[in-house]
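Engineer: Quick one: the structure is below, questions incoming.
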Amino acid sequence: MHQVGVLALDGVVPFELGIPARILGAARDGAGDRLYSVTTCSLDGRPVRAEADYRLTVAHDASLLATVDTVVIPPSHALGPIREEGRLPGALREALAAIRPGTRIVAICTGTYVLAAAGLLDGRPATTHWREADRLRRMFTTVRVDPDVLFVDDGDILTSAGVAAGIDLCLHIVRRDHGSGVANEVARSCVVPPWRDGGQAQYIRRPVPDPTASGTAPTQAWVMERLPEPVTLARMAAHAGVSVRTFTRRFRDEVGTSPGQWLIGRRVDLARHLLEATDWPVDLVADRAGFGTGVSLRHHLHAAIGVTPQAYRRTFRPAPLPADP
């Protein structure tokens with residue numbers, strides 16, 4: 001039986017802490033026998049303070065991590081020097097150093113900070129909750145942070161985005177270890193989809209620029225009111241009162257992307273809103289969002305968040321709403 005050790009740190013988030021035991025613990029072979037044994041520990045074997053209003057009692061200390069086949073680090077809301085300074089406390093550093101070579105290591109959500117601070121992600125791809133991705137990238141410049149995906153499998157080290165993405169990652173582990181049949185049965189047992197299309201980019205809302213701000217922000221706000229129209233780069237530059245070349249340079253300096261790429265992103269945001277808030281046909285949504293055709297919308301939506309308009313609508317607006325074109 002594959003042995004899994006889950007390390008509960010102070011401030012651990014109970015939901016994510018319970019995911020490995022619930023998902024991996026539900027995996028069975030053809031005879032109905034468990035495929036994983038999941039055990040929880042703390043650094044010193046004492047109760048840990050949860051992010052909720054209670055403490056959790058465990059039966060093992062971190063020496064457990066040196067004996068298991070897979071180590072899981074759930075997120076904590078009290079990472080302190082790890083998240084602020086990229087520094088591991090001594091006891092945690094020793095616990096991680098004692099993990100046997102070849103052990104699979106898994107981090108859920110902000111648990112990725114722990115692996116990054118330990119140097120385990122240097123030069124490797126990883127993800128975390130989308131709200132933490134920029135901070136993680138700034139603090140650990142050698143980590144190849146992907147803020148869009150639900151999880152990253154880099155062989156012996158796997159990381160996931162926030163909250164329910166830990167379910168996706170654990171189902172992936174079952175699928176990788178024992179095949180889709182077993183993973184699908186686990187998903188049915190836990191009443192979750194065996195696979196979710198797209199990534200966490202579909203959950204990110206981007207701020208609308210302040211029209212009173214300086215630079216290109218007033219023009220950005222002007223464009224936001226005209227997304228269904230054929231807004232060209234020349235029209236943007238004319239609104240800003242500068243040449244196309246100057247506008248493009250200033251825009252890229254301020255926003256970090258080209259005006260054309262930014263415009264596509266804002267139209268994708270509008271299309272997402274319309275897919276959530278109406279039952280309009282995809283072609284109508286595409287027209288009102290400025291894409292012109294459903295084919296164009298499908299292309300740009302899939303490129304941005306990895307799903308089709310129909311799949312996005314099923315995820316975020318399962319109940320039909322009255323049409324109001």
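In the structure tokens, each chain is lettered A, B, ... as it comes, each chain's residues begin at 1, and ligands are numbered from 1 in order of appearance.
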I'd like to know which residues of region 60-270 of chain A are strand (DSSP E or B) (by DSSP, run on the backbone); could you write them as JSON, numbers by chain?
Structural biologist: {"A": [70, 71, 72, 73, 76, 104, 105, 106, 107, 108, 125, 126, 144, 145, 151, 152, 153, 157, 158, 159, 160]}
Engineer: Choose the residue, out of A:Gly166, A:Gly119, A:Gly294, A:Pro259, that has the smallest atom-to-atom separation from Arg245 (chain A); count only C-alpha atoms.
Structural biologist: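 Among A:Gly166, A:Gly119, A:Gly294, A:Pro259, it is A:Pro259 that comes nearest to Arg245 (chain A).
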Engineer: As a list in words, please: the residues near Arg100 (chain A) (cut-off 12 Å, only C-alpha atoms, same-chain neighbours under 2 positions excluded).
Structural biologist: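 Once the adjacent positions are removed, what remains is Ser63, Leu64, Leu65, Ala66, Thr67, Val68, Asp69, Thr70, Val71, Ala95, Leu96, Ala97, Ala98, Gly102, Thr103, Arg104, Ile105 and Asp156 of chain A.
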Engineer: Restricting the output to N, CA and C atoms, write the selected residues as a short mmCIF file (atom, residue, chain, number, x, y, z; two decimals), in the first residue's frame.
Structural biologist:
data_model
loop_
_atom_site.label_atom_id
_atom_site.label_comp_id
_atom_site.auth_asym_id
_atom_site.auth_seq_id
_atom_site.Cartn_x
_atom_site.Cartn_y
_atom_site.Cartn_z
N SER A 63 8.80 13.05 11.89
CA SER A 63 9.64 11.91 11.53
C SER A 63 8.89 10.97 10.58
N LEU A 64 7.56 11.06 10.58
CA LEU A 64 6.76 10.26 9.66
C LEU A 64 7.17 10.50 8.21
N LEU A 65 7.56 11.74 7.89
CA LEU A 65 7.84 12.11 6.50
C LEU A 65 9.02 11.35 5.92
N ALA A 66 9.89 10.86 6.77
CA ALA A 66 11.06 10.11 6.30
C ALA A 66 10.72 8.66 5.98
N THR A 67 9.46 8.25 6.21
CA THR A 67 9.10 6.84 6.04
C THR A 67 8.07 6.62 4.94
N VAL A 68 7.50 7.69 4.39
CA VAL A 68 6.38 7.55 3.46
C VAL A 68 6.85 7.64 2.00
N ASP A 69 5.93 7.31 1.10
CA ASP A 69 6.22 7.35 -0.33
C ASP A 69 5.85 8.69 -0.96
N THR A 70 4.87 9.36 -0.38
CA THR A 70 4.43 10.68 -0.85
C THR A 70 4.23 11.59 0.34
N VAL A 71 4.76 12.81 0.24
CA VAL A 71 4.58 13.84 1.26
C VAL A 71 3.68 14.93 0.69
N ALA A 95 12.76 18.78 8.94
CA ALA A 95 11.77 17.77 8.56
C ALA A 95 11.82 17.51 7.06
N LEU A 96 11.93 18.56 6.28
CA LEU A 96 11.98 18.40 4.83
C LEU A 96 13.29 17.75 4.39
N ALA A 97 14.38 18.10 5.07
CA ALA A 97 15.68 17.53 4.71
C ALA A 97 15.74 16.04 4.98
N ALA A 98 14.90 15.56 5.88
CA ALA A 98 14.92 14.14 6.23
C ALA A 98 14.10 13.27 5.27
N GLY A 102 13.78 10.39 -3.81
CA GLY A 102 12.82 9.63 -4.59
C GLY A 102 11.40 9.72 -4.07
N THR A 103 11.21 10.31 -2.89
CA THR A 103 9.85 10.50 -2.36
C THR A 103 9.12 11.54 -3.19
N ARG A 104 7.88 11.26 -3.51
CA ARG A 104 7.07 12.25 -4.23
C ARG A 104 6.62 13.32 -3.24
N ILE A 105 6.74 14.58 -3.64
CA ILE A 105 6.37 15.69 -2.77
C ILE A 105 5.30 16.52 -3.46
N ASP A 156 8.52 14.15 -9.73
CA ASP A 156 8.55 13.84 -8.30
C ASP A 156 8.03 14.99 -7.44
#
Engineer: Taking into account only C-alpha atoms, which residue in the set A:Val186, A:Ala304, A:Val255, A:Leu270 is nearest to Met224 (chain A)?
Structural biologist: A:Leu270
Engineer: Restricting the calculation to only C-alpha atoms: of A:Tyr36, A:Tyr203, A:Tyr113, A:Phe140, which residue gets closest to Ser160 (chain A)?
Structural biologist: A:Tyr113
Engineer: Can you work out the spacing between CA of Asp197 (chain A) and CA of Val13 (chain A) in Å, to one decimal?
Structural biologist: 25.2 Å
Engineer: Could you list, as a CSV table (one decimal) with N, CA and C atoms, in the first residue's frame, every residue within 9 Å of Glu254 (chain A), counting only C-alpha atoms and ignoring same-chain residues fewer than 3 positions away?
Structural biologist:
chain,number,residue,atom,x,y,z
A,215,GLY,N,-1.6,58.9,-17.7
A,215,GLY,CA,-1.1,57.9,-18.6
A,215,GLY,C,-2.1,57.5,-19.6
A,216,THR,N,-2.1,56.2,-19.9
A,216,THR,CA,-3.1,55.6,-20.8
A,216,THR,C,-4.4,55.2,-20.2
A,217,ALA,N,-4.5,55.3,-18.9
A,217,ALA,CA,-5.7,54.8,-18.2
A,217,ALA,C,-7.0,55.5,-18.7
A,249,ARG,N,4.2,52.5,-27.0
A,249,ARG,CA,5.3,52.4,-26.1
A,249,ARG,C,4.9,52.7,-24.7
A,250,ARG,N,4.1,53.7,-24.5
A,250,ARG,CA,3.6,54.1,-23.2
A,250,ARG,C,2.7,53.0,-22.6
A,251,PHE,N,1.8,52.5,-23.5
A,251,PHE,CA,0.9,51.5,-23.0
A,251,PHE,C,1.6,50.2,-22.5
A,257,THR,N,1.8,44.8,-21.6
A,257,THR,CA,1.4,44.1,-22.8
A,257,THR,C,1.0,45.1,-23.9
